[in-house]
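Trainee: This is the structure, below, for whatever I ask next.
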Amino acid sequence: MKKTLLIVIAVSFLLISCGTPISAFRTVKFSPKNDEITTTSSLKEYLSKNPKPKIVLRTSSRLNSDNVTEKEQNNYLYNSIESELLKSGFVVRDRQLFDKIVTNSNNNNNYENLKEKSDTDLIIELTNLNRSIKYQTNKYIDAKGREINSTYLANKSYYGATIEFKVIMINTNEFAGIYKFNYVPCVDGCEFGAAKKMTRREKEGVELFEAVEEDRLIEFVKTATNQLVAEMRK
């Protein structure tokens with residue numbers, strides 16, 4: 001009898017220690033944002049006749065950081081964009097070589113000359129990349145589907161991102177498309193544990209992570225590039 005009682009107590013202790021309390025299942029959700037898409041009829045017509053155009057990716061001067069780490073990450077993102085464009089059948093021209101051609105004033109003022117010297121049809125310009133868009137809420141959904149207010153959540157931030165492209169047809173110097181894609185965190189829900197005691201930095205509003213994690217950012221940039229191609233070719 002005593003042995004049986006010990007076994008029951010041991011099993012009960014194991015279940016309690018291994019089980020996850022219901023209160024731990026708390027989910028934060030944010031609503032997705034609509035992308036902003038504008039494609040001109042001339043670009044659609046051009047791509048229907050030229051499905052594999054010669055393109056170059058250009059970056060806005062404000063995206064060129066002096067910070068070495070950020071510059072390396074940006075270059076990796078630019079390479080990811082070009083890689084996805086290549087997979088989509090585009091002929092991708094060298095960015096640096098194109099910039100050298102553009103710096104020549106004769107080429108810069110004459111788009112026919114620029115097209116001939118660069119052997120490029122379209123410029124896809126990355127005009128904006130913001131990886132630090134803050135999302136906050138003071139509500140979460142518990143295991144029973146109830147919406148609960150939380151003081152702790154009000155001091156916690158999640159980060160999203162946006163990326164914007166502009167497409168230019170070189171032969172006509174025409175803005176042929178403008179595209180903005182959004183990454184919103186926790187659209188499908190993010191779980192977080194029970195409320196904990198805030199650190200001094202959290203109380204003072206100092207964020208420990210002020211941008212989208214690198215892996216998620218790279219995945220978002222690749223997905224956005226594929227969306228760009230799909231929208232251009234519609």
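Labeling convention for the structure tokens: chains A, B, ... as they appear, residues from 1 per chain, ligands from 1 in order of appearance.
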List the neighbours of region 30-38 of chain A out to 7 Å using only C-alpha atoms; skip same-chain residues closer than 5 positions along the sequence, and give me the result as a compact mmCIF listing (two decimals) with N, CA and C atoms, in the first residue's frame.
Mentor:
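Below is the file that was written, part.txt:
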# COMPACT_ATOMS: atom_id res chain seq x y z
N GLY A 177 5.88 51.85 -62.19
CA GLY A 177 5.27 51.11 -61.10
C GLY A 177 5.81 51.55 -59.75
N ILE A 178 4.93 51.54 -58.76
CA ILE A 178 5.32 51.86 -57.38
C ILE A 178 4.72 50.78 -56.48
N TYR A 179 5.55 50.21 -55.60
CA TYR A 179 5.12 49.05 -54.82
C TYR A 179 5.60 49.19 -53.37
N LYS A 180 4.69 48.93 -52.45
CA LYS A 180 5.03 48.94 -51.02
C LYS A 180 4.48 47.67 -50.39
N PHE A 181 5.38 46.89 -49.76
CA PHE A 181 4.99 45.64 -49.12
C PHE A 181 5.28 45.73 -47.62
N ASN A 182 4.42 45.09 -46.83
CA ASN A 182 4.50 45.19 -45.38
C ASN A 182 4.72 43.83 -44.72
N VAL A 184 4.06 42.40 -41.07
CA VAL A 184 3.44 42.66 -39.76
C VAL A 184 3.71 41.46 -38.87
N PRO A 185 4.26 41.67 -37.68
CA PRO A 185 4.56 40.54 -36.79
C PRO A 185 3.29 39.93 -36.20
N CYS A 186 3.38 38.67 -35.88
CA CYS A 186 2.33 37.98 -35.09
C CYS A 186 0.94 38.01 -35.75
N VAL A 187 0.89 37.99 -37.06
CA VAL A 187 -0.41 37.94 -37.75
C VAL A 187 -1.13 36.64 -37.41
Trainee: Can you tell me which residues surround Tyr158 (chain A) at a distance of at most 8 Å, considering only C-alpha atoms, apart from same-chain residues fewer than 4 positions away, and format the answer as a list in words?
Mentor: Lys134, Tyr135, Gln136 and Pro185 of chain A
Trainee: Enumerate, as a tab-separated table (two decimals) with all heavy atoms, in the first residue's frame, the complete set of residues in region 83-194 of chain A that a backbone-based DSSP assignment places in alpha helix (DSSP H).
Mentor:
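Printed below is states_27.tsv as written:
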chain	number	residue	atom	x	y	z
A	83	SER	N	19.01	37.89	-56.39
A	83	SER	CA	18.92	36.44	-56.55
A	83	SER	C	17.50	36.02	-56.91
A	83	SER	O	17.28	35.18	-57.80
A	83	SER	CB	19.37	35.74	-55.27
A	83	SER	OG	19.22	34.34	-55.37
A	84	GLU	N	16.50	36.61	-56.23
A	84	GLU	CA	15.11	36.28	-56.52
A	84	GLU	C	14.70	36.77	-57.91
A	84	GLU	O	13.93	36.11	-58.61
A	84	GLU	CB	14.19	36.90	-55.46
A	84	GLU	CG	14.37	36.33	-54.07
A	84	GLU	CD	14.24	34.82	-54.00
A	84	GLU	OE1	13.24	34.30	-54.53
A	84	GLU	OE2	15.13	34.17	-53.42
A	85	LEU	N	15.23	37.91	-58.33
A	85	LEU	CA	14.94	38.43	-59.67
A	85	LEU	C	15.53	37.50	-60.73
A	85	LEU	O	14.89	37.24	-61.77
A	85	LEU	CB	15.51	39.84	-59.82
A	85	LEU	CG	14.82	40.93	-58.99
A	85	LEU	CD1	15.60	42.24	-59.08
A	85	LEU	CD2	13.38	41.14	-59.43
A	86	LEU	N	16.72	36.98	-60.47
A	86	LEU	CA	17.34	36.02	-61.39
A	86	LEU	C	16.50	34.75	-61.50
A	86	LEU	O	16.27	34.23	-62.60
A	86	LEU	CB	18.75	35.67	-60.92
A	86	LEU	CG	19.87	36.64	-61.27
A	86	LEU	CD1	21.14	36.27	-60.52
A	86	LEU	CD2	20.13	36.64	-62.77
A	87	LYS	N	16.03	34.26	-60.36
A	87	LYS	CA	15.20	33.06	-60.35
A	87	LYS	C	13.90	33.27	-61.13
A	87	LYS	O	13.32	32.32	-61.65
A	87	LYS	CB	14.87	32.66	-58.91
A	87	LYS	CG	16.05	32.16	-58.10
A	87	LYS	CD	15.63	31.88	-56.66
A	87	LYS	CE	16.81	31.50	-55.79
A	87	LYS	NZ	16.41	31.30	-54.37
A	95	ARG	N	25.11	46.34	-60.37
A	95	ARG	CA	24.72	47.64	-59.79
A	95	ARG	C	25.84	48.67	-59.88
A	95	ARG	O	25.62	49.82	-60.27
A	95	ARG	CB	24.33	47.46	-58.32
A	95	ARG	CG	22.91	47.06	-58.08
A	95	ARG	CD	22.66	46.87	-56.59
A	95	ARG	NE	23.14	45.59	-56.11
A	95	ARG	CZ	23.81	45.42	-55.00
A	95	ARG	NH1	24.12	46.45	-54.24
A	95	ARG	NH2	24.19	44.22	-54.61
A	96	GLN	N	27.03	48.27	-59.48
A	96	GLN	CA	28.14	49.21	-59.44
A	96	GLN	C	28.54	49.70	-60.82
A	96	GLN	O	28.83	50.88	-61.02
A	96	GLN	CB	29.34	48.56	-58.74
A	96	GLN	CG	29.09	48.25	-57.27
A	96	GLN	CD	30.28	47.61	-56.58
A	96	GLN	OE1	31.20	47.13	-57.25
A	96	GLN	NE2	30.26	47.59	-55.27
A	97	LEU	N	28.53	48.79	-61.79
A	97	LEU	CA	28.86	49.17	-63.16
A	97	LEU	C	27.82	50.15	-63.71
A	97	LEU	O	28.16	51.13	-64.38
A	97	LEU	CB	28.96	47.93	-64.05
A	97	LEU	CG	29.30	48.18	-65.53
A	97	LEU	CD1	30.65	48.87	-65.65
A	97	LEU	CD2	29.30	46.86	-66.29
A	98	PHE	N	26.55	49.88	-63.40
A	98	PHE	CA	25.49	50.76	-63.87
A	98	PHE	C	25.64	52.16	-63.27
A	98	PHE	O	25.47	53.17	-63.96
A	98	PHE	CB	24.12	50.19	-63.49
A	98	PHE	CG	22.95	50.97	-64.02
A	98	PHE	CD1	22.47	50.75	-65.30
A	98	PHE	CD2	22.35	51.94	-63.24
A	98	PHE	CE1	21.40	51.49	-65.80
A	98	PHE	CE2	21.28	52.67	-63.72
A	98	PHE	CZ	20.80	52.45	-65.00
A	99	ASP	N	25.97	52.22	-61.98
A	99	ASP	CA	26.15	53.51	-61.32
A	99	ASP	C	27.29	54.31	-61.96
A	99	ASP	O	27.23	55.54	-62.07
A	99	ASP	CB	26.42	53.32	-59.83
A	99	ASP	CG	25.17	52.93	-59.07
A	99	ASP	OD1	24.06	53.18	-59.58
A	99	ASP	OD2	25.29	52.36	-57.96
A	100	LYS	N	28.36	53.62	-62.38
A	100	LYS	CA	29.47	54.31	-63.04
A	100	LYS	C	29.02	54.91	-64.37
A	100	LYS	O	29.43	56.01	-64.75
A	100	LYS	CB	30.63	53.33	-63.27
A	100	LYS	CG	31.38	52.96	-62.01
A	100	LYS	CD	32.52	52.00	-62.31
A	100	LYS	CE	33.26	51.62	-61.03
A	100	LYS	NZ	34.36	50.66	-61.28
A	101	ILE	N	28.18	54.17	-65.08
A	101	ILE	CA	27.66	54.67	-66.36
A	101	ILE	C	26.77	55.88	-66.14
A	101	ILE	O	26.82	56.86	-66.88
A	101	ILE	CB	26.90	53.54	-67.10
A	101	ILE	CG1	27.85	52.41	-67.47
A	101	ILE	CG2	26.22	54.09	-68.35
A	101	ILE	CD1	27.18	51.18	-68.02
A	102	VAL	N	25.95	55.82	-65.09
A	102	VAL	CA	25.02	56.91	-64.80
A	102	VAL	C	25.76	58.19	-64.41
A	102	VAL	O	25.31	59.29	-64.71
A	102	VAL	CB	24.05	56.50	-63.67
A	102	VAL	CG1	23.24	57.69	-63.19
A	102	VAL	CG2	23.11	55.40	-64.15
A	103	THR	N	26.90	58.06	-63.75
A	103	THR	CA	27.63	59.25	-63.31
A	103	THR	C	28.17	60.07	-64.47
A	103	THR	O	28.49	61.25	-64.31
A	103	THR	CB	28.82	58.86	-62.40
A	103	THR	OG1	29.64	57.90	-63.07
A	103	THR	CG2	28.33	58.28	-61.09
A	105	SER	N	27.68	62.43	-67.24
A	105	SER	CA	26.61	63.40	-67.48
A	105	SER	C	25.92	63.20	-68.81
A	105	SER	O	24.71	63.42	-68.95
A	105	SER	CB	27.14	64.83	-67.38
A	105	SER	OG	28.19	65.03	-68.32
A	106	ASN	N	26.66	62.76	-69.83
A	106	ASN	CA	26.05	62.55	-71.15
A	106	ASN	C	25.02	61.42	-71.10
A	106	ASN	O	23.94	61.52	-71.68
A	106	ASN	CB	27.13	62.21	-72.18
A	106	ASN	CG	28.05	63.38	-72.46
A	106	ASN	OD1	27.62	64.53	-72.40
A	106	ASN	ND2	29.31	63.09	-72.77
A	107	ASN	N	25.37	60.36	-70.39
A	107	ASN	CA	24.45	59.24	-70.26
A	107	ASN	C	23.25	59.61	-69.40
A	107	ASN	O	22.12	59.19	-69.66
A	107	ASN	CB	25.16	58.03	-69.64
A	107	ASN	CG	26.29	57.52	-70.53
A	107	ASN	OD1	26.23	57.64	-71.74
A	107	ASN	ND2	27.32	56.97	-69.90
A	108	ASN	N	23.50	60.38	-68.36
A	108	ASN	CA	22.46	60.74	-67.40
A	108	ASN	C	21.38	61.61	-68.03
A	108	ASN	O	20.22	61.57	-67.65
A	108	ASN	CB	23.08	61.45	-66.20
A	108	ASN	CG	22.19	61.40	-64.98
A	108	ASN	OD1	21.31	60.57	-64.89
A	108	ASN	ND2	22.42	62.32	-64.06
A	109	ASN	N	21.78	62.42	-69.00
A	109	ASN	CA	20.82	63.34	-69.63
A	109	ASN	C	20.17	62.75	-70.87
A	109	ASN	O	19.22	63.32	-71.41
A	109	ASN	CB	21.52	64.66	-70.01
A	109	ASN	CG	21.99	65.42	-68.78
A	109	ASN	OD1	21.35	65.38	-67.75
A	109	ASN	ND2	23.12	66.11	-68.90
A	111	TYR	N	18.51	59.31	-72.16
A	111	TYR	CA	18.09	57.97	-71.75
A	111	TYR	C	18.32	56.94	-72.85
A	111	TYR	O	18.53	55.76	-72.56
A	111	TYR	CB	16.63	57.99	-71.31
A	111	TYR	CG	16.48	58.42	-69.88
A	111	TYR	CD1	16.41	59.77	-69.55
A	111	TYR	CD2	16.48	57.51	-68.84
A	111	TYR	CE1	16.31	60.19	-68.23
A	111	TYR	CE2	16.39	57.91	-67.51
A	111	TYR	CZ	16.31	59.26	-67.23
A	111	TYR	OH	16.23	59.68	-65.92
A	112	GLU	N	18.29	57.36	-74.09
A	112	GLU	CA	18.60	56.42	-75.18
A	112	GLU	C	20.06	55.99	-75.08
A	112	GLU	O	20.39	54.82	-75.26
A	112	GLU	CB	18.31	57.07	-76.53
A	112	GLU	CG	16.83	57.25	-76.83
A	112	GLU	CD	16.60	57.79	-78.23
A	112	GLU	OE1	17.59	57.89	-79.00
A	112	GLU	OE2	15.44	58.09	-78.57
A	113	ASN	N	20.91	56.96	-74.77
A	113	ASN	CA	22.33	56.68	-74.61
A	113	ASN	C	22.57	55.78	-73.40
A	113	ASN	O	23.38	54.85	-73.43
A	113	ASN	CB	23.10	57.99	-74.48
A	113	ASN	CG	24.59	57.80	-74.72
A	113	ASN	OD1	24.99	56.89	-75.44
A	113	ASN	ND2	25.39	58.66	-74.13
A	114	LEU	N	21.84	56.07	-72.30
A	114	LEU	CA	21.96	55.27	-71.08
A	114	LEU	C	21.54	53.83	-71.33
A	114	LEU	O	22.20	52.88	-70.88
A	114	LEU	CB	21.11	55.88	-69.97
A	114	LEU	CG	21.07	55.13	-68.64
A	114	LEU	CD1	22.47	55.02	-68.05
A	114	LEU	CD2	20.14	55.83	-67.66
A	115	LYS	N	20.46	53.66	-72.07
A	115	LYS	CA	19.97	52.31	-72.37
A	115	LYS	C	20.99	51.55	-73.22
A	115	LYS	O	21.26	50.37	-72.98
A	115	LYS	CB	18.63	52.40	-73.12
A	115	LYS	CG	18.07	51.05	-73.55
A	115	LYS	CD	16.71	51.21	-74.22
A	115	LYS	CE	16.24	49.90	-74.83
A	115	LYS	NZ	16.12	48.82	-73.84
A	116	GLU	N	21.58	52.26	-74.19
A	116	GLU	CA	22.55	51.61	-75.07
A	116	GLU	C	23.83	51.24	-74.33
A	116	GLU	O	24.34	50.13	-74.46
A	116	GLU	CB	22.88	52.55	-76.24
A	116	GLU	CG	23.86	51.95	-77.23
A	116	GLU	CD	24.20	52.91	-78.36
A	116	GLU	OE1	23.53	53.95	-78.48
A	116	GLU	OE2	25.15	52.62	-79.11
A	117	LYS	N	24.36	52.19	-73.52
A	117	LYS	CA	25.62	51.95	-72.82
A	117	LYS	C	25.48	50.88	-71.72
A	117	LYS	O	26.39	50.10	-71.48
A	117	LYS	CB	26.11	53.26	-72.19
A	117	LYS	CG	26.58	54.28	-73.20
A	117	LYS	CD	27.90	53.90	-73.82
A	117	LYS	CE	28.39	54.95	-74.81
A	117	LYS	NZ	28.73	56.23	-74.15
A	118	SER	N	24.33	50.87	-71.04
A	118	SER	CA	24.14	49.93	-69.93
A	118	SER	C	23.51	48.62	-70.36
A	118	SER	O	23.53	47.64	-69.62
A	118	SER	CB	23.27	50.57	-68.85
A	118	SER	OG	21.95	50.79	-69.34
A	151	THR	N	-0.88	45.00	-18.39
A	151	THR	CA	0.01	46.14	-18.16
A	151	THR	C	1.40	45.85	-18.71
A	151	THR	O	2.06	46.72	-19.27
A	151	THR	CB	0.11	46.43	-16.65
A	151	THR	OG1	-1.19	46.65	-16.13
A	151	THR	CG2	0.97	47.66	-16.40
A	152	TYR	N	1.84	44.61	-18.58
A	152	TYR	CA	3.15	44.22	-19.08
A	152	TYR	C	3.25	44.41	-20.59
A	152	TYR	O	4.23	44.94	-21.11
A	152	TYR	CB	3.46	42.77	-18.70
A	152	TYR	CG	4.64	42.19	-19.45
A	152	TYR	CD1	5.93	42.68	-19.24
A	152	TYR	CD2	4.45	41.16	-20.38
A	152	TYR	CE1	7.00	42.16	-19.93
A	152	TYR	CE2	5.54	40.64	-21.06
A	152	TYR	CZ	6.81	41.14	-20.83
A	152	TYR	OH	7.87	40.63	-21.52
A	153	LEU	N	2.21	43.99	-21.32
A	153	LEU	CA	2.22	44.10	-22.77
A	153	LEU	C	2.30	45.55	-23.24
A	153	LEU	O	2.87	45.85	-24.28
A	153	LEU	CB	0.97	43.45	-23.37
A	153	LEU	CG	1.10	42.00	-23.82
A	153	LEU	CD1	-0.21	41.52	-24.41
A	153	LEU	CD2	2.23	41.84	-24.82
A	154	ALA	N	1.70	46.45	-22.48
A	154	ALA	CA	1.70	47.86	-22.85
A	154	ALA	C	3.12	48.42	-22.94
A	154	ALA	O	3.35	49.43	-23.61
A	154	ALA	CB	0.87	48.67	-21.86
Trainee: CA of Glu147 (chain A) and CA of Ile133 (chain A) are how many Å apart?
Mentor: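 That distance, rounded to one decimal, is 24.0 Å.
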Trainee: Pick from A:Thr225, A:Ser157, A:Asn50, A:Gln73: nearest to Glu210 (chain A), with only C-alpha atoms counted?
Mentor: A:Ser157
Trainee: Can you measure CA of Pro53 (chain A) to CA of Val91 (chain A) for me? One decimal in Å is fine.
Mentor: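 Between these atoms lies a distance of 6.1 Å.
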Trainee: Of the candidates A:Leu43, A:Val28, A:Ile148, A:Leu57, which one gets nearest to Glu231 (chain A) if we count only C-alpha atoms?
Mentor: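 Of all the options, A:Leu43 lies closest to Glu231 (chain A).
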Trainee: Determine, counting only C-alpha atoms, which protein, DNA and RNA residues have an atom within 10 Å of an atom of Ser132 (chain A); residues of the same chain fewer than 6 positions away are not included. Present the result as a list in words.
Mentor: Tyr158, Tyr159, Gly160, Ala161, Thr162, Phe209, Glu210, Ala211, Val212 and Glu213 of chain A
Trainee: What does the distance from CA of Arg131 (chain A) to CA of Ile168 (chain A) come to in Å, to one decimal?
Mentor: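 Atom-to-atom, CA of Arg131 (chain A) and CA of Ile168 (chain A) are spaced 24.6 Å apart.
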Trainee: DSSP on the backbone, then: every residue of region 110-187 of chain A marked strand (DSSP E), written as an NGL selection string.
Mentor: :A and (122-135 or 139-141 or 147-149 or 158-169 or 174-183)
Trainee: Between A:Lys166, A:Arg93, A:Arg216, A:Arg146, which residue has the minimum interatomic distance to Leu126 (chain A), considering only C-alpha atoms?
Mentor: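 Of the candidates, the smallest distance to Leu126 (chain A) is held by A:Lys166.
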Trainee: Point out the residue among A:Asn155, A:Glu174, A:Thr39, A:Ile218 with the least atom-to-atom distance to Lys139 (chain A), counting only C-alpha atoms.
Mentor: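 With only C-alpha atoms as the atom set, the closest residue is A:Asn155.
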Trainee: Would you mind telling me which residue in A:Glu191, A:Lys52, A:Thr40, A:Tyr46 lies nearest to Ala143 (chain A) when using only C-alpha atoms?
Mentor: A:Glu191
Trainee: From the options A:Ser150, A:Ser42, A:Ser88, A:Thr59, which residue's atoms come nearest to Ala176 (chain A), counting only C-alpha atoms?
Mentor: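 Ranked by minimum distance to Ala176 (chain A), first place goes to A:Ser42.
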Trainee: For Met169 (chain A), work out the shell of residues within 7 Å, counting only C-alpha atoms and skipping chain neighbours fewer than 3 positions away, then give it as a PyMOL selection string.
Mentor: chain A and resi 121-123+172-176
